[in-house]
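Trainee: Just run-v6.cif, nothing more (mmCIF, C-alpha atoms):
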```
data_run
loop_
_atom_site.group_PDB
_atom_site.id
_atom_site.type_symbol
_atom_site.label_atom_id
_atom_site.label_comp_id
_atom_site.auth_asym_id
_atom_site.auth_seq_id
_atom_site.Cartn_x
_atom_site.Cartn_y
_atom_site.Cartn_z
ATOM 1 C CA MET D 724 10.591 2.006 -190.153
ATOM 2 C CA LEU D 725 10.283 -0.439 -187.297
ATOM 3 C CA ARG D 726 11.594 0.680 -183.925
ATOM 4 C CA LEU D 727 12.871 -1.742 -181.339
ATOM 5 C CA THR D 728 11.067 -1.776 -178.004
ATOM 6 C CA ALA D 729 11.725 -3.660 -174.773
ATOM 7 C CA ALA D 730 9.119 -6.246 -175.768
ATOM 8 C CA GLY D 731 11.129 -7.130 -178.868
ATOM 9 C CA LEU D 732 14.516 -6.737 -177.196
ATOM 10 C CA ARG D 733 13.887 -9.590 -174.785
ATOM 11 C CA LEU D 734 13.485 -11.957 -177.769
ATOM 12 C CA ILE D 735 16.910 -11.168 -179.237
ATOM 13 C CA PRO D 736 19.762 -13.387 -178.031
ATOM 14 C CA GLY D 737 22.859 -11.647 -176.658
ATOM 15 C CA THR D 738 21.060 -8.458 -175.548
ATOM 16 C CA GLU D 739 21.193 -9.220 -171.828
ATOM 17 C CA PRO D 740 23.547 -6.260 -171.041
ATOM 18 C CA LEU D 741 21.160 -3.852 -172.767
ATOM 19 C CA GLN D 742 18.171 -5.400 -171.000
ATOM 20 C CA SER D 743 19.892 -4.971 -167.632
ATOM 21 C CA ALA D 744 20.748 -1.355 -168.428
ATOM 22 C CA PHE D 745 17.184 -0.602 -169.541
ATOM 23 C CA LEU D 746 15.785 -2.199 -166.378
ATOM 24 C CA ALA D 747 18.166 -0.123 -164.265
ATOM 25 C CA ALA D 748 16.882 3.030 -165.965
ATOM 26 C CA ILE D 749 13.258 2.092 -165.234
ATOM 27 C CA GLN D 750 14.077 1.381 -161.600
ATOM 28 C CA LEU D 751 15.853 4.718 -161.290
ATOM 29 C CA MET D 752 12.820 6.466 -162.716
ATOM 30 C CA THR D 753 10.513 4.929 -160.132
ATOM 31 C CA GLU D 754 12.885 5.982 -157.352
ATOM 32 C CA ARG D 755 13.078 9.552 -158.631
ATOM 33 C CA GLU D 756 9.317 9.760 -159.040
ATOM 34 C CA ARG D 757 8.759 8.506 -155.493
ATOM 35 C CA ALA D 758 11.224 11.053 -154.094
ATOM 36 C CA ILE D 759 9.434 14.057 -155.624
ATOM 37 C CA GLN D 760 8.288 16.606 -153.035
ATOM 38 C CA PRO D 761 5.243 18.436 -154.429
ATOM 39 C CA ASP D 762 5.322 22.219 -154.309
ATOM 40 C CA PRO D 763 2.048 24.149 -154.777
ATOM 41 C CA THR D 764 3.910 27.217 -156.063
ATOM 42 C CA LYS D 765 5.817 25.617 -158.916
ATOM 43 C CA GLU D 766 6.162 22.557 -161.091
ATOM 44 C CA VAL D 767 8.579 20.045 -159.636
ATOM 45 C CA LEU D 768 10.483 18.130 -162.310
ATOM 46 C CA ALA D 769 12.381 14.888 -162.013
ATOM 47 C CA HIS D 770 15.051 13.683 -164.445
ATOM 48 C CA VAL D 771 17.046 10.576 -165.175
ATOM 49 C CA ASP D 772 20.054 10.692 -167.495
ATOM 50 C CA SER D 773 22.648 8.341 -168.907
ATOM 51 C CA GLU D 774 25.150 9.226 -166.179
ATOM 52 C CA ASP D 775 22.665 8.153 -163.514
ATOM 53 C CA VAL D 776 22.187 4.817 -165.232
ATOM 54 C CA LYS D 777 25.944 4.448 -165.691
ATOM 55 C CA SER D 778 26.557 5.006 -161.986
ATOM 56 C CA ARG D 779 23.898 2.481 -161.052
ATOM 57 C CA LEU D 780 25.350 -0.140 -163.415
ATOM 58 C CA TRP D 781 28.913 0.569 -162.289
ATOM 59 C CA SER D 782 27.784 -0.107 -158.739
ATOM 60 C CA HIS D 783 26.089 -3.349 -159.719
ATOM 61 C CA ALA D 784 29.081 -4.449 -161.792
ATOM 62 C CA GLY D 785 31.434 -3.813 -158.893
ATOM 63 C CA LYS D 786 29.361 -5.928 -156.547
ATOM 64 C CA ALA D 787 28.960 -8.744 -159.062
ATOM 65 C CA GLY D 788 32.507 -8.599 -160.368
ATOM 66 C CA GLY D 789 31.301 -8.160 -163.942
ATOM 67 C CA PRO D 790 32.340 -5.711 -166.680
ATOM 68 C CA PRO D 791 31.057 -2.106 -166.510
ATOM 69 C CA PRO D 792 28.524 -0.928 -169.104
ATOM 70 C CA SER D 793 29.790 0.421 -172.395
ATOM 71 C CA ASP D 794 28.859 3.844 -173.777
ATOM 72 C CA LEU D 795 27.186 2.070 -176.693
ATOM 73 C CA VAL D 796 24.852 0.222 -174.317
ATOM 74 C CA LEU D 797 24.032 3.434 -172.462
ATOM 75 C CA ALA D 798 23.212 5.235 -175.711
ATOM 76 C CA ALA D 799 20.971 2.332 -176.753
ATOM 77 C CA VAL D 800 19.038 2.652 -173.478
ATOM 78 C CA GLY D 801 18.106 6.225 -174.395
ATOM 79 C CA THR D 802 16.901 5.065 -177.818
ATOM 80 C CA LEU D 803 14.810 2.322 -176.245
ATOM 81 C CA LEU D 804 13.206 4.731 -173.791
ATOM 82 C CA ALA D 805 12.295 7.049 -176.650
ATOM 83 C CA ASN D 806 10.648 4.152 -178.528
ATOM 84 C CA GLU D 807 8.595 2.794 -175.636
ATOM 85 C CA PRO D 808 4.800 3.125 -176.013
ATOM 86 C CA LEU D 809 4.321 4.306 -172.418
ATOM 87 C CA ARG D 810 4.479 8.109 -172.520
ATOM 88 C CA ALA D 811 5.550 8.531 -168.909
ATOM 89 C CA TRP D 812 8.767 10.308 -169.835
ATOM 90 C CA SER D 813 10.005 12.574 -172.597
ATOM 91 C CA GLY D 814 13.472 13.158 -174.014
ATOM 92 C CA LEU D 815 15.031 16.547 -173.375
ATOM 93 C CA GLY D 816 17.975 16.048 -175.649
ATOM 94 C CA THR D 817 21.537 14.870 -175.449
ATOM 95 C CA ARG D 818 24.312 15.457 -172.948
ATOM 96 C CA ALA D 819 27.994 15.891 -173.519
ATOM 97 C CA GLY D 820 29.712 12.791 -174.828
ATOM 98 C CA GLY D 821 26.565 11.416 -176.484
ATOM 99 C CA GLY D 822 24.606 10.954 -173.314
ATOM 100 C CA TRP D 823 20.879 11.556 -172.909
ATOM 101 C CA GLN D 824 18.441 12.933 -170.370
ATOM 102 C CA MET D 825 14.792 12.077 -169.769
ATOM 103 C CA ARG D 826 12.189 14.147 -167.930
ATOM 104 C CA LEU D 827 9.552 12.252 -165.978
ATOM 105 C CA LEU D 828 5.940 13.112 -166.703
ATOM 106 C CA THR D 829 4.645 12.384 -163.231
ATOM 107 C CA GLY D 830 1.050 13.359 -163.885
ATOM 108 C CA LEU D 831 0.322 10.290 -166.043
ATOM 109 C CA GLY D 832 0.935 7.707 -163.331
ATOM 110 C CA GLY D 833 2.860 5.429 -165.684
ATOM 111 C CA ILE D 834 6.080 5.616 -163.694
ATOM 112 C CA ARG D 835 4.254 4.715 -160.495
ATOM 113 C CA ALA D 836 2.910 1.594 -162.186
ATOM 114 C CA MET D 837 6.482 0.394 -162.737
ATOM 115 C CA ARG D 838 7.389 0.287 -159.054
ATOM 116 C CA GLY D 839 8.866 -3.032 -158.008
ATOM 117 C CA VAL D 840 9.611 -4.229 -161.538
ATOM 118 C CA GLU D 841 12.439 -6.778 -161.361
ATOM 119 C CA SER D 842 12.683 -8.078 -164.932
ATOM 120 C CA ILE D 843 12.040 -7.096 -168.531
ATOM 121 C CA ASP D 844 9.235 -9.651 -168.712
ATOM 122 C CA GLU D 845 7.538 -8.048 -165.728
ATOM 123 C CA TYR D 846 7.999 -4.598 -167.272
ATOM 124 C CA VAL D 847 6.368 -5.714 -170.530
ATOM 125 C CA GLU D 848 3.501 -7.335 -168.620
ATOM 126 C CA ARG D 849 2.752 -4.065 -166.827
ATOM 127 C CA ILE D 850 2.977 -2.128 -170.077
ATOM 128 C CA LEU D 851 0.357 -4.449 -171.551
ATOM 129 C CA GLN D 852 -1.873 -3.917 -168.512
ATOM 130 C CA LEU D 853 -1.594 -0.142 -168.853
ATOM 131 C CA LEU D 854 -2.228 -0.105 -172.587
ATOM 132 C CA THR D 855 -5.061 -2.651 -172.660
ATOM 133 C CA PRO D 856 -8.385 -0.787 -172.759
ATOM 134 C CA ALA D 857 -10.666 -1.399 -169.831
ATOM 135 C CA PRO D 858 -13.558 -3.704 -170.750
ATOM 136 C CA ASN D 859 -16.873 -2.035 -171.335
ATOM 137 C CA PRO D 860 -19.052 -2.354 -168.242
ATOM 138 C CA THR D 861 -21.633 -5.071 -168.533
ATOM 139 C CA PRO D 862 -25.063 -3.494 -168.689
ATOM 140 C CA PRO D 863 -27.410 -4.671 -165.993
ATOM 141 C CA ARG D 864 -29.800 -7.421 -166.987
ATOM 142 C CA PRO D 865 -33.277 -6.332 -168.041
ATOM 143 C CA VAL D 866 -35.497 -5.759 -165.047
ATOM 144 C CA GLY D 867 -39.253 -5.973 -165.123
ATOM 145 C CA HIS D 868 -40.998 -3.203 -163.215
ATOM 146 C CA MET D 869 -42.853 -5.764 -161.092
ATOM 147 C CA ASP D 870 -39.866 -8.017 -160.343
ATOM 148 C CA LEU D 871 -38.922 -6.458 -156.996
ATOM 149 C CA PRO D 872 -42.508 -5.994 -155.683
ATOM 150 C CA GLN D 873 -43.307 -9.591 -156.606
ATOM 151 C CA ALA D 874 -40.126 -10.847 -154.908
ATOM 152 C CA ILE D 875 -41.095 -8.962 -151.729
ATOM 153 C CA ASP D 876 -44.639 -10.363 -151.859
ATOM 154 C CA TYR D 877 -43.340 -13.905 -152.410
ATOM 155 C CA LEU D 878 -41.017 -13.559 -149.389
ATOM 156 C CA ASP D 879 -43.908 -12.280 -147.272
ATOM 157 C CA VAL D 880 -46.011 -15.356 -148.116
ATOM 158 C CA VAL D 881 -43.184 -17.833 -147.424
ATOM 159 C CA TRP D 882 -42.325 -16.056 -144.176
ATOM 160 C CA LYS D 883 -45.920 -16.470 -142.946
ATOM 161 C CA LEU D 884 -45.851 -20.174 -143.822
ATOM 162 C CA LYS D 885 -42.708 -20.511 -141.727
ATOM 163 C CA THR D 886 -43.527 -18.269 -138.763
ATOM 164 C CA GLY D 887 -47.297 -17.867 -138.784
ATOM 165 C CA GLN D 888 -47.119 -14.101 -139.253
ATOM 166 C CA ARG D 889 -46.465 -11.706 -142.104
ATOM 167 C CA LEU D 890 -42.997 -10.272 -142.496
ATOM 168 C CA PHE D 891 -44.262 -6.864 -143.604
ATOM 169 C CA ALA D 892 -46.845 -4.754 -141.793
ATOM 170 C CA GLY D 893 -48.174 -1.279 -142.479
ATOM 171 C CA LEU D 894 -46.994 -1.102 -146.057
ATOM 172 C CA HIS D 895 -48.184 1.998 -147.886
ATOM 173 C CA MET D 896 -49.589 1.290 -151.308
ATOM 174 C CA ALA D 897 -47.878 4.382 -152.710
ATOM 175 C CA ASN D 898 -44.454 3.029 -151.748
ATOM 176 C CA CYS D 899 -45.204 -0.378 -153.247
ATOM 177 C CA ALA D 900 -46.470 1.246 -156.434
ATOM 178 C CA ARG D 901 -43.359 3.447 -156.645
ATOM 179 C CA LEU D 902 -41.144 0.360 -156.822
ATOM 180 C CA ALA D 903 -42.948 -0.650 -160.009
ATOM 181 C CA GLN D 904 -42.361 2.697 -161.719
ATOM 182 C CA PRO D 905 -39.452 3.489 -164.070
ATOM 183 C CA CYS D 906 -36.607 5.685 -162.884
ATOM 184 C CA ALA D 907 -34.560 7.731 -165.348
ATOM 185 C CA SER D 908 -33.697 10.998 -163.584
ATOM 186 C CA GLU D 909 -32.472 12.404 -160.286
ATOM 187 C CA GLU D 910 -36.008 13.634 -159.575
ATOM 188 C CA GLU D 911 -37.281 10.054 -159.903
ATOM 189 C CA PHE D 912 -34.309 8.363 -158.229
ATOM 190 C CA ASN D 913 -34.608 10.055 -154.836
ATOM 191 C CA PRO D 914 -38.287 9.209 -154.190
ATOM 192 C CA ALA D 915 -37.746 5.699 -155.530
ATOM 193 C CA MET D 916 -34.965 5.144 -152.984
ATOM 194 C CA SER D 917 -37.152 6.588 -150.230
ATOM 195 C CA ALA D 918 -39.972 4.218 -151.166
ATOM 196 C CA LEU D 919 -37.591 1.242 -151.131
ATOM 197 C CA ALA D 920 -36.267 2.192 -147.696
ATOM 198 C CA GLU D 921 -39.797 2.678 -146.365
ATOM 199 C CA VAL D 922 -40.785 -0.803 -147.527
ATOM 200 C CA PHE D 923 -37.875 -2.406 -145.649
ATOM 201 C CA ALA D 924 -38.695 -0.289 -142.593
ATOM 202 C CA CYS D 925 -41.982 -2.241 -142.413
ATOM 203 C CA VAL D 926 -40.450 -5.627 -141.600
ATOM 204 C CA VAL D 927 -41.685 -7.170 -138.352
ATOM 205 C CA PRO D 928 -39.065 -9.180 -136.436
ATOM 206 C CA ILE D 929 -40.173 -12.374 -134.713
ATOM 207 C CA GLY D 930 -41.661 -11.651 -131.300
ATOM 208 C CA ARG D 931 -43.108 -8.284 -132.300
ATOM 209 C CA MET D 932 -46.525 -7.271 -133.530
ATOM 210 C CA SER D 933 -45.341 -4.231 -135.493
ATOM 211 C CA PRO D 934 -42.137 -2.866 -136.999
ATOM 212 C CA PRO D 935 -39.721 -1.119 -134.611
ATOM 213 C CA ARG D 936 -39.471 2.653 -134.917
ATOM 214 C CA THR D 937 -35.887 2.364 -136.197
ATOM 215 C CA GLY D 938 -33.493 -0.381 -137.221
ATOM 216 C CA ALA D 939 -36.102 -2.836 -138.475
ATOM 217 C CA LEU D 940 -33.613 -4.786 -140.613
ATOM 218 C CA SER D 941 -31.081 -4.944 -137.784
ATOM 219 C CA ALA D 942 -33.757 -6.293 -135.438
ATOM 220 C CA LEU D 943 -34.797 -8.830 -138.069
ATOM 221 C CA LYS D 944 -31.221 -10.073 -138.369
ATOM 222 C CA ASP D 945 -31.112 -10.708 -134.605
ATOM 223 C CA ALA D 946 -34.377 -12.694 -134.533
ATOM 224 C CA LEU D 947 -34.451 -15.305 -137.272
ATOM 225 C CA PRO D 948 -36.895 -18.220 -137.333
ATOM 226 C CA GLU D 949 -35.972 -21.506 -135.684
ATOM 227 C CA GLY D 950 -35.145 -24.609 -137.672
ATOM 228 C CA LEU D 951 -32.880 -23.016 -140.278
ATOM 229 C CA ALA D 952 -29.629 -24.605 -141.382
ATOM 230 C CA PHE D 953 -26.448 -22.906 -140.143
ATOM 231 C CA GLU D 954 -25.432 -22.000 -143.689
ATOM 232 C CA GLY D 955 -28.937 -20.737 -144.373
ATOM 233 C CA LYS D 956 -28.825 -18.401 -141.392
ATOM 234 C CA GLY D 957 -25.500 -17.041 -142.599
ATOM 235 C CA ARG D 958 -26.872 -16.390 -146.067
ATOM 236 C CA ILE D 959 -29.946 -14.661 -144.655
ATOM 237 C CA LYS D 960 -27.831 -12.425 -142.433
ATOM 238 C CA ASP D 961 -25.572 -11.515 -145.357
ATOM 239 C CA SER D 962 -28.654 -10.679 -147.436
ATOM 240 C CA ILE D 963 -30.086 -8.513 -144.658
ATOM 241 C CA ASP D 964 -26.759 -6.663 -144.477
ATOM 242 C CA THR D 965 -27.040 -6.049 -148.216
ATOM 243 C CA LEU D 966 -30.497 -4.560 -147.777
ATOM 244 C CA ARG D 967 -29.203 -2.412 -144.926
ATOM 245 C CA LYS D 968 -26.561 -0.975 -147.269
ATOM 246 C CA VAL D 969 -29.280 -0.117 -149.772
ATOM 247 C CA VAL D 970 -31.066 1.755 -146.988
ATOM 248 C CA VAL D 971 -27.810 3.493 -146.032
ATOM 249 C CA ILE D 972 -27.589 4.848 -149.586
ATOM 250 C CA ARG D 973 -31.063 6.332 -149.201
ATOM 251 C CA ASN D 974 -30.113 7.835 -145.819
ATOM 252 C CA GLY D 975 -27.119 9.498 -147.447
ATOM 253 C CA GLN D 976 -29.546 11.359 -149.704
ATOM 254 C CA GLN D 977 -31.583 12.629 -146.775
ATOM 255 C CA HIS D 978 -28.988 13.308 -144.089
ATOM 256 C CA GLY D 979 -25.650 15.040 -144.643
ATOM 257 C CA ASP D 980 -23.914 13.227 -141.777
ATOM 258 C CA ALA D 981 -24.740 9.863 -143.398
ATOM 259 C CA LYS D 982 -23.162 10.662 -146.754
ATOM 260 C CA SER D 983 -19.776 9.103 -145.951
ATOM 261 C CA LYS D 984 -21.502 5.838 -144.995
ATOM 262 C CA ALA D 985 -23.471 5.988 -148.240
ATOM 263 C CA VAL D 986 -20.255 6.317 -150.252
ATOM 264 C CA THR D 987 -18.910 3.194 -148.514
ATOM 265 C CA ALA D 988 -22.179 1.369 -149.211
ATOM 266 C CA TYR D 989 -21.945 2.198 -152.920
ATOM 267 C CA ARG D 990 -18.430 0.744 -152.967
ATOM 268 C CA ASP D 991 -19.395 -2.388 -151.023
ATOM 269 C CA LEU D 992 -22.295 -3.038 -153.406
ATOM 270 C CA GLY D 993 -20.053 -2.589 -156.449
ATOM 271 C CA ILE D 994 -21.849 0.517 -157.749
ATOM 272 C CA SER D 995 -19.910 3.511 -159.019
ATOM 273 C CA TYR D 996 -20.072 6.751 -157.046
ATOM 274 C CA PRO D 997 -21.222 9.384 -157.647
ATOM 275 C CA PRO D 998 -24.241 7.958 -159.496
ATOM 276 C CA TYR D 999 -23.939 9.868 -162.762
ATOM 277 C CA ASP D 1000 -26.721 7.831 -164.373
ATOM 278 C CA PRO D 1001 -29.686 7.589 -161.964
ATOM 279 C CA GLY D 1002 -31.494 5.077 -164.179
ATOM 280 C CA HIS D 1003 -28.507 2.731 -164.332
ATOM 281 C CA THR D 1004 -27.916 3.090 -160.587
ATOM 282 C CA TRP D 1005 -31.556 2.394 -159.746
ATOM 283 C CA THR D 1006 -31.573 -0.703 -161.945
ATOM 284 C CA ALA D 1007 -28.406 -1.981 -160.259
ATOM 285 C CA LEU D 1008 -29.893 -1.393 -156.791
ATOM 286 C CA VAL D 1009 -33.146 -3.115 -157.748
ATOM 287 C CA ILE D 1010 -31.203 -6.159 -158.954
ATOM 288 C CA ILE D 1011 -29.170 -6.219 -155.732
ATOM 289 C CA ALA D 1012 -32.235 -5.781 -153.511
ATOM 290 C CA GLN D 1013 -34.195 -8.430 -155.400
ATOM 291 C CA GLY D 1014 -31.273 -10.838 -155.141
ATOM 292 C CA ALA D 1015 -31.112 -10.322 -151.386
ATOM 293 C CA VAL D 1016 -34.882 -10.745 -150.985
ATOM 294 C CA ASP D 1017 -34.823 -13.916 -153.107
ATOM 295 C CA ALA D 1018 -31.938 -15.330 -151.058
ATOM 296 C CA ILE D 1019 -33.838 -14.804 -147.800
ATOM 297 C CA ARG D 1020 -36.951 -16.388 -149.277
ATOM 298 C CA GLU D 1021 -35.011 -19.385 -150.616
ATOM 299 C CA GLU D 1022 -33.484 -20.148 -147.217
ATOM 300 C CA ILE D 1023 -36.793 -19.705 -145.396
ATOM 301 C CA GLN D 1024 -38.470 -21.921 -147.968
ATOM 302 C CA ALA D 1025 -35.784 -24.559 -147.518
ATOM 303 C CA GLY D 1026 -36.675 -24.657 -143.835
ATOM 304 C CA LEU D 1027 -40.325 -25.485 -144.473
ATOM 305 C CA PRO D 1028 -41.481 -29.069 -143.886
ATOM 306 C CA ASP D 1029 -41.842 -31.157 -146.983
ATOM 307 C CA TRP D 1030 -45.372 -31.144 -148.375
ATOM 308 C CA SER D 1031 -47.012 -33.733 -150.530
ATOM 309 C CA PRO D 1032 -50.602 -33.974 -151.768
ATOM 310 C CA PRO D 1033 -52.905 -36.187 -149.681
ATOM 311 C CA THR D 1034 -53.226 -39.757 -150.814
ATOM 312 C CA ASN D 1035 -56.600 -40.777 -152.201
ATOM 313 C CA THR D 1036 -57.618 -43.815 -150.146
ATOM 314 C CA THR D 1037 -61.021 -44.364 -151.716
#
```
Please, can you express the file's structure as structure tokens?
Mentor:
Amino acid sequence: MLRLTAAGLRLIPGTEPLQSAFLAAIQLMTERERAIQPDPTKEVLAHVDSEDVKSRLWSHAGKAGGPPPSDLVLAAVGTLLANEPLRAWSGLGTRAGGGWQMRLLTGLGGIRAMRGVESIDEYVERILQLLTPAPNPTPPRPVGHMDLPQAIDYLDVVWKLKTGQRLFAGLHMANCARLAQPCASEEEFNPAMSALAEVFACVVPIGRMSPPRTGALSALKDALPEGLAFEGKGRIKDSIDTLRKVVVIRNGQQHGDAKSKAVTAYRDLGISYPPYDPGHTWTALVIIAQGAVDAIREEIQAGLPDWSPPTNTT
């Protein structure tokens, strides 16, 4: 047996009074849900019944000068609500005179999603959004273990061509080697993040002979090479900020007072928190860090003078 829902109702000519009554019921439900005052000692219930809808429609009819709703229309609203796929309410039975009463199931959030609905079409659109399964997250692209170390090395070479000095100084081989190792557990994730942060702590801003004791990336952002395009400088600064957020995530592992900043950094980088899958999280961070390193290198490389092989004059 097929049951009529609001999605089908809107396609049937002559059902405008029933559509208006149904919409009024939905709007009443959102108002009742919003007015709930939570009580930690008991369950707070909210209800909407046919008399509530009748009063709302009587008020609208009086203002518009139209006919009041019939009892048949009101009864049909209850049937529609019972047939709707969104289980944000449940029927509690009938009232005297053939009326009905619905209890709101506030814990499901479906009623809240209907706030501001002004038409049946809009209601159906939101129902489809609620019932459409979320897409499966796209797995990160395959990452070679040497991709990030090689990107860092490539940047270091290009930086020296541009500035005459290396970008990194005092790198520990153990940290570089750790970036090339797999990461599949919490025990591996924490030292991997520490190694990544230590590598970026070794950057040497222009005008210095060694990395600053703290804030190396911040100092680098404030001292970029000359001769870069305006857009290039902006891209480099954005990439440095990305790397700083990666470091903030590592600091949140080491220092309790930095955890709130780490949570924000996860969000800004588009990585779920908490990191339930250390391997997935590490791969995502490696991709982000490599992308930032590559962006810096590309803009520095674009600022190099054009080179062409010498002409053979013999």
Trainee: If I take CA of Arg931 in chain D and CA of Asp879 in chain D, how far is one from the other in Å, to one decimal?
Mentor: 15.5 Å
Trainee: Measure the distance from CA of Ser778 in chain D to CA of Gly801 in chain D in Å and round it to one decimal.
Mentor: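 Going from CA of Ser778 in chain D over to CA of Gly801 in chain D covers 15.1 Å.
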Trainee: Starting from the displayed file, determine the output of the PyMOL selection byres ((chain D and resi 770) around 8) and express the residue list as a PyMOL selection string.
Mentor: chain D and resi 752+755+768-769+771-772+824-827
Trainee: Please determine, counting all atoms listed in the file, which residue among D:Ala903, D:Ala1025, D:Ala729, D:Val971 has the shortest atom-to-atom distance to Asp991 in chain D.
Mentor: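 Answer, going by the shortest atom-to-atom distance: D:Val971.
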Trainee: By how many Å are CA of Leu1008 in chain D and CA of Val880 in chain D apart?
Mentor: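 Separation between CA of Leu1008 in chain D and CA of Val880 in chain D: 23.0 Å.
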Trainee: For each of D:Pro790, D:Gly731, D:Gly993, D:Pro934, take the minimum atom-to-atom distance to Val847 in chain D, counting all atoms listed in the file, then give the residue where this is smallest.
Mentor: D:Gly731
Trainee: For Leu797 in chain D, please output as a list in words all residues within 10 Å (counting all atoms listed in the file; exclusion window: fewer than 6 positions along the same chain).
Mentor: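 With the cut-off at 10 Å, the set is Pro740, Leu741, Ala744, Phe745, Ala748, Asp772, Ser773, Glu774, Val776, Lys777, Leu780, Gly821, Gly822 and Trp823 of chain D.
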Trainee: List the residues selected by the PyMOL selection byres ((chain D and resi 941-949) around 12) in the file shown, writing them as an MDAnalysis selection string.
Mentor: chainID D and resid 881:888 890:891 923:931 933:940 950:953 955:968 970 1019 1022:1024 1026:1027
Trainee: Of the candidates D:Leu809, D:Leu795, D:Thr1006, D:Ala920, which one gets nearest to His895 in chain D if we count all atoms listed in the file?
Mentor: D:Ala920
Trainee: Of the residues D:Val922, D:Cys899, D:Leu746, D:Met932, which is the one nearest to Arg838 in chain D, using all atoms listed in the file?
Mentor: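 For Arg838 in chain D, the nearest of the given residues is D:Leu746.
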Trainee: I need the residue nearest Ser782 in chain D from this list: D:Ala747, D:Asp1017, D:Gly833, D:Thr802. Use all atoms listed in the file for the distance.
Mentor: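 Residue with the minimum atom-to-atom distance to Ser782 in chain D: D:Ala747.
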Trainee: Find, counting all atoms listed in the file, the residue in D:Glu1021, D:Thr728, D:Gln852, D:Glu739 that gets nearest to Ala805 in chain D.
Mentor: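 Smallest distance to Ala805 in chain D is found for D:Thr728.
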Trainee: For Phe912 in chain D, please output as a list in words all residues within 8 Å (counting all atoms listed in the file; exclusion window: fewer than 3 positions along the same chain).
Mentor: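 Close residues of Phe912 in chain D: Cys906, Ala907, Ser908, Glu909, Ala915, Met916, Pro1001, Gly1002 and Trp1005 of chain D.
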Trainee: Report as a ChimeraX atom specification the residues that result from applying the PyMOL selection byres ((chain D and resi 730) around 12) to the structure here.
Mentor: /D:726-729,731-735,742,745,803-804,806-808,842-851
